[in-house]
Every structure is written in C-alpha cells, then in structure tokens.
>>> print(open('protein_21.cif').read())   # mmCIF, C-alpha atoms
data_run
loop_
_atom_site.group_PDB
_atom_site.id
_atom_site.type_symbol
_atom_site.label_atom_id
_atom_site.label_comp_id
_atom_site.auth_asym_id
_atom_site.auth_seq_id
_atom_site.Cartn_x
_atom_site.Cartn_y
_atom_site.Cartn_z
ATOM 1 C CA MET A 249 -18.632 -40.610 -20.685
ATOM 2 C CA THR A 250 -20.602 -40.099 -17.495
ATOM 3 C CA TYR A 251 -19.174 -39.427 -14.089
ATOM 4 C CA SER A 252 -20.756 -40.616 -10.906
ATOM 5 C CA ALA A 253 -20.911 -38.162 -8.015
ATOM 6 C CA ALA A 254 -20.643 -41.100 -5.617
ATOM 7 C CA ASP A 255 -17.071 -41.812 -6.712
ATOM 8 C CA ILE A 256 -15.499 -38.629 -5.386
ATOM 9 C CA PRO A 257 -14.129 -38.309 -1.839
ATOM 10 C CA VAL A 258 -16.097 -36.437 0.816
ATOM 11 C CA TRP A 259 -13.639 -33.520 1.228
ATOM 12 C CA ALA A 260 -13.807 -32.888 -2.511
ATOM 13 C CA ALA A 261 -17.600 -33.080 -2.497
ATOM 14 C CA ILE A 262 -17.769 -30.498 0.297
ATOM 15 C CA LEU A 263 -15.375 -28.172 -1.534
ATOM 16 C CA ILE A 264 -17.262 -28.559 -4.824
ATOM 17 C CA ALA A 265 -20.607 -27.976 -3.101
ATOM 18 C CA PHE A 266 -19.221 -24.840 -1.444
ATOM 19 C CA PHE A 267 -18.054 -23.286 -4.719
ATOM 20 C CA LEU A 268 -21.199 -24.334 -6.578
ATOM 21 C CA LEU A 269 -23.538 -22.911 -3.929
ATOM 22 C CA ALA A 270 -21.480 -19.743 -3.478
ATOM 23 C CA GLY A 271 -21.535 -19.128 -7.231
ATOM 24 C CA ALA A 272 -25.249 -19.848 -7.520
ATOM 25 C CA PHE A 273 -26.011 -17.644 -4.495
ATOM 26 C CA LEU A 274 -24.061 -14.712 -5.946
ATOM 27 C CA ALA A 275 -25.825 -15.124 -9.298
ATOM 28 C CA LEU A 276 -29.183 -15.130 -7.501
ATOM 29 C CA LEU A 277 -28.233 -12.038 -5.498
ATOM 30 C CA GLY A 278 -27.225 -10.339 -8.731
ATOM 31 C CA ALA A 279 -30.674 -11.016 -10.126
ATOM 32 C CA VAL A 280 -32.366 -9.807 -6.911
ATOM 33 C CA GLY A 281 -30.310 -6.633 -6.947
ATOM 34 C CA PHE A 282 -31.155 -6.100 -10.596
ATOM 35 C CA LEU A 283 -34.809 -6.181 -9.604
ATOM 36 C CA ARG A 284 -34.619 -4.148 -6.399
ATOM 37 C CA LEU A 285 -32.115 -1.322 -6.863
ATOM 38 C CA PRO A 286 -33.846 1.983 -7.642
ATOM 39 C CA THR A 287 -31.991 3.626 -10.552
ATOM 40 C CA PHE A 288 -30.512 2.370 -13.817
ATOM 41 C CA TYR A 289 -26.946 3.225 -12.852
ATOM 42 C CA GLU A 290 -27.261 1.343 -9.576
ATOM 43 C CA ARG A 291 -28.927 -1.640 -11.244
ATOM 44 C CA ILE A 292 -26.024 -1.959 -13.676
ATOM 45 C CA HIS A 293 -23.789 -3.042 -10.772
ATOM 46 C CA ALA A 294 -25.875 -6.032 -9.703
ATOM 47 C CA PRO A 295 -25.305 -8.370 -12.685
ATOM 48 C CA THR A 296 -21.534 -8.006 -12.264
ATOM 49 C CA LEU A 297 -21.952 -10.356 -9.297
ATOM 50 C CA SER A 298 -22.996 -13.070 -11.756
ATOM 51 C CA THR A 299 -20.284 -12.250 -14.257
ATOM 52 C CA SER A 300 -17.465 -12.206 -11.696
ATOM 53 C CA TRP A 301 -17.656 -14.682 -8.827
ATOM 54 C CA GLY A 302 -21.037 -16.109 -9.818
ATOM 55 C CA THR A 303 -19.353 -17.504 -12.922
ATOM 56 C CA GLY A 304 -16.095 -17.978 -11.036
ATOM 57 C CA GLY A 305 -17.604 -20.152 -8.307
ATOM 58 C CA ILE A 306 -19.556 -22.419 -10.664
ATOM 59 C CA MET A 307 -16.516 -22.616 -12.952
ATOM 60 C CA THR A 308 -14.238 -23.633 -10.060
ATOM 61 C CA ALA A 309 -16.744 -26.268 -8.918
ATOM 62 C CA SER A 310 -16.948 -27.668 -12.449
ATOM 63 C CA ILE A 311 -13.154 -27.809 -12.821
ATOM 64 C CA LEU A 312 -12.797 -29.553 -9.439
ATOM 65 C CA PHE A 313 -15.584 -32.073 -10.082
ATOM 66 C CA PHE A 314 -14.494 -33.182 -13.542
ATOM 67 C CA SER A 315 -10.787 -33.113 -12.644
ATOM 68 C CA ILE A 316 -11.252 -35.254 -9.549
ATOM 69 C CA SER A 317 -13.803 -37.710 -10.939
ATOM 70 C CA GLY A 318 -12.005 -37.984 -14.307
ATOM 71 C CA GLY A 319 -8.574 -38.354 -12.717
ATOM 72 C CA ARG A 320 -6.968 -35.725 -14.965
ATOM 73 C CA LEU A 321 -6.941 -31.936 -15.145
ATOM 74 C CA VAL A 322 -9.990 -30.605 -16.976
ATOM 75 C CA ALA A 323 -9.759 -26.825 -17.177
ATOM 76 C CA HIS A 324 -11.442 -25.655 -20.370
ATOM 77 C CA GLU A 325 -14.043 -23.940 -18.142
ATOM 78 C CA LEU A 326 -11.375 -21.282 -17.580
ATOM 79 C CA LEU A 327 -12.018 -20.134 -21.145
ATOM 80 C CA ILE A 328 -15.664 -19.401 -20.276
ATOM 81 C CA GLY A 329 -14.505 -17.272 -17.360
ATOM 82 C CA ILE A 330 -11.959 -15.395 -19.467
ATOM 83 C CA PHE A 331 -14.359 -14.700 -22.320
ATOM 84 C CA ILE A 332 -17.168 -13.560 -19.998
ATOM 85 C CA THR A 333 -14.774 -11.218 -18.159
ATOM 86 C CA VAL A 334 -13.397 -9.738 -21.357
ATOM 87 C CA THR A 335 -16.721 -9.274 -23.145
ATOM 88 C CA THR A 336 -19.037 -7.938 -20.398
ATOM 89 C CA PRO A 337 -17.501 -4.430 -20.333
ATOM 90 C CA VAL A 338 -18.470 -4.027 -24.002
ATOM 91 C CA THR A 339 -22.161 -4.643 -23.289
ATOM 92 C CA PHE A 340 -22.017 -2.569 -20.124
ATOM 93 C CA MET A 341 -20.513 0.436 -21.856
ATOM 94 C CA LEU A 342 -23.069 0.226 -24.665
ATOM 95 C CA LEU A 343 -25.960 0.130 -22.185
ATOM 96 C CA ALA A 344 -24.488 2.823 -19.957
ATOM 97 C CA ARG A 345 -23.739 5.199 -22.810
ATOM 98 C CA ALA A 346 -27.221 4.729 -24.228
ATOM 99 C CA ALA A 347 -28.647 5.601 -20.793
ATOM 100 C CA LEU A 348 -26.319 8.591 -20.431
ATOM 101 C CA HIS A 349 -27.316 9.866 -23.862
ATOM 102 C CA ARG A 350 -31.018 9.559 -23.045
ATOM 103 C CA ASP A 351 -30.636 11.293 -19.678
ATOM 104 C CA ARG A 352 -28.547 14.109 -21.156
ATOM 105 C CA VAL A 353 -31.103 14.730 -23.889
ATOM 106 C CA GLU A 354 -33.760 14.947 -21.185
ATOM 107 C CA ASN A 355 -31.501 17.293 -19.160
ATOM 108 C CA HIS A 356 -31.610 15.049 -16.131
ATOM 109 C CA PRO A 357 -30.176 17.051 -13.194
ATOM 110 C CA ASP A 358 -27.947 14.323 -11.642
ATOM 111 C CA ILE A 359 -26.114 13.286 -14.799
ATOM 112 C CA PRO A 360 -22.658 14.733 -15.546
ATOM 113 C CA ARG A 361 -22.672 16.572 -18.864
ATOM 114 C CA ARG A 362 -20.197 15.962 -21.654
ATOM 115 C CA ASP A 363 -18.041 18.883 -20.554
ATOM 116 C CA GLY A 364 -17.495 17.092 -17.276
ATOM 117 C CA VAL A 365 -19.550 19.303 -14.993
ATOM 118 C CA THR A 366 -22.309 17.844 -12.880
ATOM 119 C CA PRO A 367 -25.088 20.390 -12.611
ATOM 120 C CA GLY A 368 -25.105 21.546 -9.018
ATOM 121 C CA ASP A 369 -22.173 19.480 -7.823
ATOM 122 C CA ASP A 370 -18.653 19.525 -9.171
ATOM 123 C CA THR A 371 -17.176 16.079 -8.659
ATOM 124 C CA THR A 372 -14.126 16.415 -10.903
ATOM 125 C CA VAL A 373 -11.119 14.912 -9.187
ATOM 126 C CA ASN A 374 -7.654 15.620 -10.502
ATOM 127 C CA MET B 218 8.735 -15.831 -36.627
ATOM 128 C CA PHE B 219 6.634 -14.790 -33.623
ATOM 129 C CA PRO B 220 5.223 -11.315 -34.181
ATOM 130 C CA TYR B 221 2.824 -11.637 -31.234
ATOM 131 C CA PRO B 222 4.337 -14.049 -28.697
ATOM 132 C CA LEU B 223 1.588 -13.575 -26.085
ATOM 133 C CA LEU B 224 -1.156 -14.141 -28.663
ATOM 134 C CA THR B 225 0.612 -17.249 -29.966
ATOM 135 C CA ILE B 226 0.961 -18.708 -26.478
ATOM 136 C CA ALA B 227 -2.653 -17.835 -25.574
ATOM 137 C CA LEU B 228 -3.976 -19.518 -28.734
ATOM 138 C CA LEU B 229 -1.867 -22.623 -28.082
ATOM 139 C CA VAL B 230 -3.083 -22.838 -24.463
ATOM 140 C CA MET B 231 -6.693 -22.426 -25.629
ATOM 141 C CA TRP B 232 -6.225 -25.188 -28.216
ATOM 142 C CA LEU B 233 -4.761 -27.544 -25.601
ATOM 143 C CA LEU B 234 -7.506 -26.747 -23.070
ATOM 144 C CA LEU B 235 -10.222 -27.503 -25.618
ATOM 145 C CA ASN B 236 -8.658 -30.629 -27.139
ATOM 146 C CA GLY B 237 -6.787 -32.169 -24.245
ATOM 147 C CA PHE B 238 -3.022 -32.295 -23.851
ATOM 148 C CA THR B 239 -1.362 -34.744 -26.253
ATOM 149 C CA PHE B 240 1.820 -34.406 -28.275
ATOM 150 C CA GLY B 241 -0.142 -34.393 -31.521
ATOM 151 C CA HIS B 242 -2.359 -31.551 -30.355
ATOM 152 C CA LEU B 243 0.699 -29.644 -29.126
ATOM 153 C CA LEU B 244 2.129 -29.709 -32.659
ATOM 154 C CA LEU B 245 -1.185 -29.015 -34.392
ATOM 155 C CA GLY B 246 -2.143 -26.239 -31.946
ATOM 156 C CA GLY B 247 1.330 -24.716 -32.229
ATOM 157 C CA THR B 248 1.052 -24.615 -36.020
ATOM 158 C CA VAL B 249 -2.419 -23.060 -35.886
ATOM 159 C CA ALA B 250 -1.261 -20.488 -33.307
ATOM 160 C CA VAL B 251 1.790 -19.448 -35.354
ATOM 161 C CA PHE B 252 -0.228 -19.064 -38.547
ATOM 162 C CA ALA B 253 -3.013 -17.189 -36.739
ATOM 163 C CA SER B 254 -0.521 -14.723 -35.262
ATOM 164 C CA TRP B 255 0.943 -14.171 -38.757
ATOM 165 C CA GLY B 256 -2.618 -13.445 -39.865
ATOM 166 C CA MET B 257 -2.893 -10.935 -37.027
ATOM 167 C CA ALA B 258 0.416 -9.349 -38.078
ATOM 168 C CA ALA B 259 -0.918 -8.944 -41.627
ATOM 169 C CA LEU B 260 -3.682 -6.722 -40.209
ATOM 170 C CA ARG B 261 -0.987 -4.468 -38.704
ATOM 171 C CA PRO B 262 -2.738 -3.345 -35.548
ATOM 172 C CA ASP B 263 -0.836 -1.075 -33.165
ATOM 173 C CA LYS B 264 1.403 -3.387 -31.257
ATOM 174 C CA PRO B 265 1.020 -3.000 -27.493
ATOM 175 C CA ARG B 266 4.403 -2.359 -25.921
ATOM 176 C CA LEU B 267 4.703 -4.501 -22.837
ATOM 177 C CA ARG B 268 7.660 -3.128 -20.928
ATOM 178 C CA LYS B 269 7.411 -4.952 -17.656
ATOM 179 C CA TRP B 270 5.335 -8.015 -18.441
ATOM 180 C CA TYR B 271 6.470 -9.666 -15.190
ATOM 181 C CA LEU B 272 4.233 -7.234 -13.288
ATOM 182 C CA LEU B 273 1.122 -8.710 -14.957
ATOM 183 C CA PRO B 274 0.743 -11.579 -12.411
ATOM 184 C CA LYS B 275 0.960 -9.003 -9.601
ATOM 185 C CA LEU B 276 -1.820 -6.946 -11.196
ATOM 186 C CA PHE B 277 -3.844 -10.128 -11.709
ATOM 187 C CA GLY B 278 -3.458 -11.067 -8.034
ATOM 188 C CA ILE B 279 -4.499 -7.620 -6.798
ATOM 189 C CA VAL B 280 -7.539 -7.614 -9.093
ATOM 190 C CA MET B 281 -8.670 -11.108 -8.047
ATOM 191 C CA LEU B 282 -8.480 -10.102 -4.396
ATOM 192 C CA ASP B 283 -10.413 -6.884 -5.022
ATOM 193 C CA ILE B 284 -13.076 -8.725 -7.019
ATOM 194 C CA ILE B 285 -13.674 -11.138 -4.119
ATOM 195 C CA ARG B 286 -13.877 -8.258 -1.642
ATOM 196 C CA SER B 287 -16.210 -6.134 -3.741
ATOM 197 C CA ASN B 288 -18.394 -9.167 -4.480
ATOM 198 C CA LEU B 289 -19.002 -9.503 -0.753
ATOM 199 C CA ALA B 290 -19.540 -5.755 -0.358
ATOM 200 C CA VAL B 291 -22.114 -5.532 -3.159
ATOM 201 C CA ALA B 292 -23.860 -8.718 -1.995
ATOM 202 C CA TRP B 293 -24.167 -7.113 1.442
ATOM 203 C CA ILE B 294 -25.596 -3.892 -0.013
ATOM 204 C CA ILE B 295 -28.209 -5.830 -1.996
ATOM 205 C CA LEU B 296 -29.212 -7.790 1.098
ATOM 206 C CA ARG B 297 -29.124 -5.062 3.732
ATOM 207 C CA GLY B 298 -29.069 -1.743 1.914
ATOM 208 C CA ARG B 299 -26.399 0.939 2.056
ATOM 209 C CA ALA B 300 -24.979 2.147 5.333
ATOM 210 C CA PRO B 301 -26.081 5.674 6.308
ATOM 211 C CA GLY B 302 -23.851 8.358 4.774
ATOM 212 C CA HIS B 303 -23.000 6.197 1.772
ATOM 213 C CA ARG B 304 -24.431 7.080 -1.625
ATOM 214 C CA SER B 305 -24.118 6.010 -5.222
ATOM 215 C CA SER B 306 -22.604 8.608 -7.460
ATOM 216 C CA PHE B 307 -20.647 9.430 -10.589
ATOM 217 C CA ILE B 308 -16.994 10.335 -10.411
ATOM 218 C CA ILE B 309 -14.907 11.811 -13.202
ATOM 219 C CA LEU B 310 -11.334 10.703 -13.189
ATOM 220 C CA GLN B 311 -8.386 12.225 -15.056
ATOM 221 C CA LEU B 312 -6.201 9.438 -16.396
ATOM 222 C CA GLN B 313 -2.552 9.484 -17.373
ATOM 223 C CA LEU B 314 -2.930 6.270 -19.337
ATOM 224 C CA ARG B 315 -3.042 6.747 -23.105
ATOM 225 C CA ASP B 316 -2.242 3.297 -24.436
ATOM 226 C CA PRO B 317 -5.446 1.737 -25.859
ATOM 227 C CA THR B 318 -4.578 -1.761 -24.607
ATOM 228 C CA ALA B 319 -3.870 -0.478 -21.102
ATOM 229 C CA LEU B 320 -7.141 1.486 -21.122
ATOM 230 C CA ALA B 321 -9.001 -1.645 -22.241
ATOM 231 C CA ILE B 322 -7.477 -3.602 -19.358
ATOM 232 C CA LEU B 323 -8.416 -0.847 -16.895
ATOM 233 C CA ALA B 324 -11.977 -0.870 -18.253
ATOM 234 C CA VAL B 325 -12.178 -4.639 -17.776
ATOM 235 C CA ILE B 326 -10.835 -4.332 -14.217
ATOM 236 C CA ILE B 327 -13.246 -1.582 -13.201
ATOM 237 C CA THR B 328 -16.268 -3.218 -14.803
ATOM 238 C CA SER B 329 -15.591 -6.706 -13.498
ATOM 239 C CA THR B 330 -15.167 -5.370 -9.981
ATOM 240 C CA PRO B 331 -18.753 -5.200 -8.711
ATOM 241 C CA GLY B 332 -19.633 -1.804 -7.278
ATOM 242 C CA SER B 333 -17.903 0.267 -9.935
ATOM 243 C CA ALA B 334 -18.788 0.624 -13.603
ATOM 244 C CA TRP B 335 -16.760 2.235 -16.371
ATOM 245 C CA LEU B 336 -19.319 4.306 -18.268
ATOM 246 C CA GLU B 337 -17.647 6.613 -20.730
ATOM 247 C CA TYR B 338 -14.098 7.465 -21.778
ATOM 248 C CA ASP B 339 -13.383 10.860 -23.273
ATOM 249 C CA SER B 340 -10.172 10.591 -25.307
ATOM 250 C CA ARG B 341 -10.012 14.364 -25.897
ATOM 251 C CA ARG B 342 -9.794 15.089 -22.185
ATOM 252 C CA SER B 343 -8.483 11.623 -21.322
ATOM 253 C CA SER B 344 -11.008 11.464 -18.528
ATOM 254 C CA VAL B 345 -13.333 8.648 -17.656
ATOM 255 C CA LEU B 346 -16.797 8.679 -16.113
ATOM 256 C CA ILE B 347 -17.208 5.978 -13.487
ATOM 257 C CA HIS B 348 -20.303 5.120 -11.490
ATOM 258 C CA VAL B 349 -19.737 3.906 -7.950
ATOM 259 C CA LEU B 350 -22.437 2.048 -6.048
ATOM 260 C CA ASP B 351 -21.188 2.657 -2.519
ATOM 261 C CA LEU B 352 -19.369 5.968 -2.328
ATOM 262 C CA VAL B 353 -18.175 7.664 0.833
ATOM 263 C CA ASP B 354 -15.293 9.803 -0.350
ATOM 264 C CA ASP B 355 -14.686 10.848 -3.986
ATOM 265 C CA GLU B 356 -10.985 11.484 -3.384
ATOM 266 C CA ALA B 357 -10.407 8.122 -1.760
ATOM 267 C CA TRP B 358 -11.944 6.322 -4.729
ATOM 268 C CA ALA B 359 -9.986 8.307 -7.257
ATOM 269 C CA ASN B 360 -6.763 7.640 -5.355
ATOM 270 C CA LEU B 361 -7.574 3.953 -5.111
ATOM 271 C CA ILE B 362 -7.942 3.563 -8.866
ATOM 272 C CA LYS B 363 -4.950 5.761 -9.626
ATOM 273 C CA ASN B 364 -2.540 4.201 -7.146
ATOM 274 C CA ARG B 365 -3.707 0.619 -7.209
ATOM 275 C CA TYR B 366 -4.338 0.003 -10.904
ATOM 276 C CA GLU B 367 -3.276 2.938 -13.050
ATOM 277 C CA LYS B 368 0.235 3.198 -11.615
ATOM 278 C CA LEU B 369 0.866 -0.481 -12.218
ATOM 279 C CA LEU B 370 -0.572 -0.313 -15.741
ATOM 280 C CA LEU B 371 1.580 2.730 -16.486
ATOM 281 C CA GLU B 372 4.611 0.715 -15.435
ATOM 282 C CA ILE B 373 3.617 -2.330 -17.495
ATOM 283 C CA PHE B 374 2.839 -0.402 -20.691
ATOM 284 C CA SER B 375 4.696 2.868 -21.335
#
>>> encode(input="protein_21.cif", output="structure tokens")
Amino acid sequence: MTYSAADIPVWAAILIAFFLLAGAFLALLGAVGFLRLPTFYERIHAPTLSTSWGTGGIMTASILFFSISGGRLVAHELLIGIFITVTTPVTFMLLARAALHRDRVENHPDIPRRDGVTPGDDTTVN
Amino acid sequence: MFPYPLLTIALLVMWLLLNGFTFGHLLLGGTVAVFASWGMAALRPDKPRLRKWYLLPKLFGIVMLDIIRSNLAVAWIILRGRAPGHRSSFIILQLQLRDPTALAILAVIITSTPGSAWLEYDSRRSSVLIHVLDLVDDEAWANLIKNRYEKLLLEIFS
C-alpha cells in the first residue's frame, strides 16, 4: 500500500517536515561533532544527538505521516525509539571502558584511576 | 498468573503495535505475553521491586524535557564551540542506589542525555565515573543528578 504525500493537509505537512528536518539536522550535527571534537571522551557525546532526538524527530515525523495519510494510528516506530534508547548505553559503556583501560595502561595524566583519584586534580564529589 | 505484570503488558503492547489492533491479535498477543512472562519467571531473575510505580511517568517527563534541552545545548557547542570557562571533564559520583534495575535506568538516562556519558560503575565503592562535555561546576552537576534523578529512582525502587 502506497501513500501519496499530496493527500495530507498543509498543516500536517508543515509539522511533519519540521520534525523530519529537525531530526535529520541533529543527526548531521552528531556526525559533524563526531568528526570535529578533539578527544575520544568528547567525541562520544556527539552521536547521542542522533540516538536521542535525531531518532526521535524522524520517528515522530514517520508516525504523523503514516497516521494521517493512512487514517489510523500507526505507532510501531515507537519500538525503534525504545530499543535504540535502551541499547545505546551498552555500546557506549563498552567503548568508553575500552578507552579508559587503554589510557590507564598508558598512564595518561587526565584519566581518573581505578581508585577514584585523578592525578593532579581531585574531583571526587560526595 | 502474572509474575511480571509490566513485562506482560509491554509484550502485549509491542505485539499490538507490530500487528495492528484487532480483537484476534489482542487474544493472541495476550497469550504470547503471558507464556513469555512465565518463561521469564522460570529463569528466576531478581525481581525488581517497584514501590511507587506511579512516579515513573513523572521521571519520564523530566527526562524527556532534559533530553530536548541538552540536545540543543550540545548542538550549540558543536556549532559554536564551548563558552569560555567551560571545560569537558570527568566527575566521580557517589551513588546511594544499589538496585541493579534502578542503576540500569540511571545509566540509560545519563547516556541518552547528550552532554553526559556514563562510563564506568564501581559496585565495590558504588561510585560511577561520568564524563561531562560542558562542565562549569562539579558540585552543581553532582547535585543535579542526585536530586533530579537519583532521588526519584530511590523513591520508585527501594
């Protein structure tokens, strides 16, 4: 079954375009940040733009488009959002802990050691 | 009959979302969900104790709002760079949370909020290493996580 974009009202088209473009823009920014930020631990923050509202915006646009043009609620995209949100921390922690391990083995000065003391700067907050 | 009510409901909702809402699928999905949660019960995992489940929507609302705000903040940093005086840094946070499910939820919250990443949890010290992209004040960040998320999670599980 195909849906025609010409069938949906203008207000819906504007709303859908807004969410779609916002999501795509955030995903692009995530990729740009991934390329431009200087250190590994800063770079790890950039892709979360894609996995949070990058996905969220495109997901919302998809739900709106197919719900309005199909005339009934289509919301299985929500599952994509839920599964991406729940599974990204696993990958992130794996990557981050691998990086931490490597930096600790190399005795990198800015990395907090296992005993919780940053060489040179104590940032423990109780 | 329902060892894991939340799991059963979640499976049924997932079934209905994927197959479309009809009476037949309601029955079929319900059966599958009940049997799947019995299968889960046979594995005997530690059952999370949800004391105040009605606070979950509140937590969800707060997190959604924070995710939108931090999305904008991180997007701005990528476009324009950090403001002077701001730096990216590690913070070590002492947590009162012990419940594995609650810790998992906190990890999901902190990771899915752009600008902060949950790096490493130390169960012996019950401390967590977090990396913050745009840090001004260590204390303020620690208080934010403790008062905004941890307190609520402590109330929900406990």
>>> residues_around(input="protein_21.cif", residues="His348 in chain B", least_positions_apart="2", cutoff="8 Å", atoms="all atoms listed in the file", output="NGL selection string")
(:A and (289)) or (:B and (305-308 or 333-336 or 346 or 350))
>>> residues_around(input="protein_21.cif", residues="Ile311 in chain A", least_positions_apart="5", cutoff="8 Å", atoms="all atoms listed in the file", output="list in words")
Leu321, Val322, Ala323 and Glu325 of chain A
>>> interface_residues(input="protein_21.cif", of="chain B", to="chain A", cutoff="8 Å", atoms="only C-alpha atoms", output="VMD selection string")
chain B and resid 231 234 to 235 284 to 285 288 291 to 292 295 to 296 305 307 to 311 324 to 325 328 to 337 348 350 355 to 356 359
>>> write_last_selection(input="protein_21.cif", atoms="C-alpha atoms", output="PDB file, in the coordinates of the input")
ATOM      1  CA  MET B 231      -6.693 -22.426 -25.629  1.00  0.00           C
ATOM      2  CA  LEU B 234      -7.506 -26.747 -23.070  1.00  0.00           C
ATOM      3  CA  LEU B 235     -10.222 -27.503 -25.618  1.00  0.00           C
ATOM      4  CA  ILE B 284     -13.076  -8.725  -7.019  1.00  0.00           C
ATOM      5  CA  ILE B 285     -13.674 -11.138  -4.119  1.00  0.00           C
ATOM      6  CA  ASN B 288     -18.394  -9.167  -4.480  1.00  0.00           C
ATOM      7  CA  VAL B 291     -22.114  -5.532  -3.159  1.00  0.00           C
ATOM      8  CA  ALA B 292     -23.860  -8.718  -1.995  1.00  0.00           C
ATOM      9  CA  ILE B 295     -28.209  -5.830  -1.996  1.00  0.00           C
ATOM     10  CA  LEU B 296     -29.212  -7.790   1.098  1.00  0.00           C
ATOM     11  CA  SER B 305     -24.118   6.010  -5.222  1.00  0.00           C
ATOM     12  CA  PHE B 307     -20.647   9.430 -10.589  1.00  0.00           C
ATOM     13  CA  ILE B 308     -16.994  10.335 -10.411  1.00  0.00           C
ATOM     14  CA  ILE B 309     -14.907  11.811 -13.202  1.00  0.00           C
ATOM     15  CA  LEU B 310     -11.334  10.703 -13.189  1.00  0.00           C
ATOM     16  CA  GLN B 311      -8.386  12.225 -15.056  1.00  0.00           C
ATOM     17  CA  ALA B 324     -11.977  -0.870 -18.253  1.00  0.00           C
ATOM     18  CA  VAL B 325     -12.178  -4.639 -17.776  1.00  0.00           C
ATOM     19  CA  THR B 328     -16.268  -3.218 -14.803  1.00  0.00           C
ATOM     20  CA  SER B 329     -15.591  -6.706 -13.498  1.00  0.00           C
ATOM     21  CA  THR B 330     -15.167  -5.370  -9.981  1.00  0.00           C
ATOM     22  CA  PRO B 331     -18.753  -5.200  -8.711  1.00  0.00           C
ATOM     23  CA  GLY B 332     -19.633  -1.804  -7.278  1.00  0.00           C
ATOM     24  CA  SER B 333     -17.903   0.267  -9.935  1.00  0.00           C
ATOM     25  CA  ALA B 334     -18.788   0.624 -13.603  1.00  0.00           C
ATOM     26  CA  TRP B 335     -16.760   2.235 -16.371  1.00  0.00           C
ATOM     27  CA  LEU B 336     -19.319   4.306 -18.268  1.00  0.00           C
ATOM     28  CA  GLU B 337     -17.647   6.613 -20.730  1.00  0.00           C
ATOM     29  CA  HIS B 348     -20.303   5.120 -11.490  1.00  0.00           C
ATOM     30  CA  LEU B 350     -22.437   2.048  -6.048  1.00  0.00           C
ATOM     31  CA  ASP B 355     -14.686  10.848  -3.986  1.00  0.00           C
ATOM     32  CA  GLU B 356     -10.985  11.484  -3.384  1.00  0.00           C
ATOM     33  CA  ALA B 359      -9.986   8.307  -7.257  1.00  0.00           C
TER      34      ALA B 359
END
>>> axis_aligned_box(input="protein_21.cif", around="range 362-365 of chain B", padding_each_side="5 Å", output="JSON")
{"center_x": -5.2, "center_y": 3.2, "center_z": -8.4, "size_x": 15.4, "size_y": 15.1, "size_z": 12.5}
>>> atom_distance(input="protein_21.cif", atom1="CA of Asp283 in chain B", atom2="CA of Ala260 in chain A")
26.3 Å
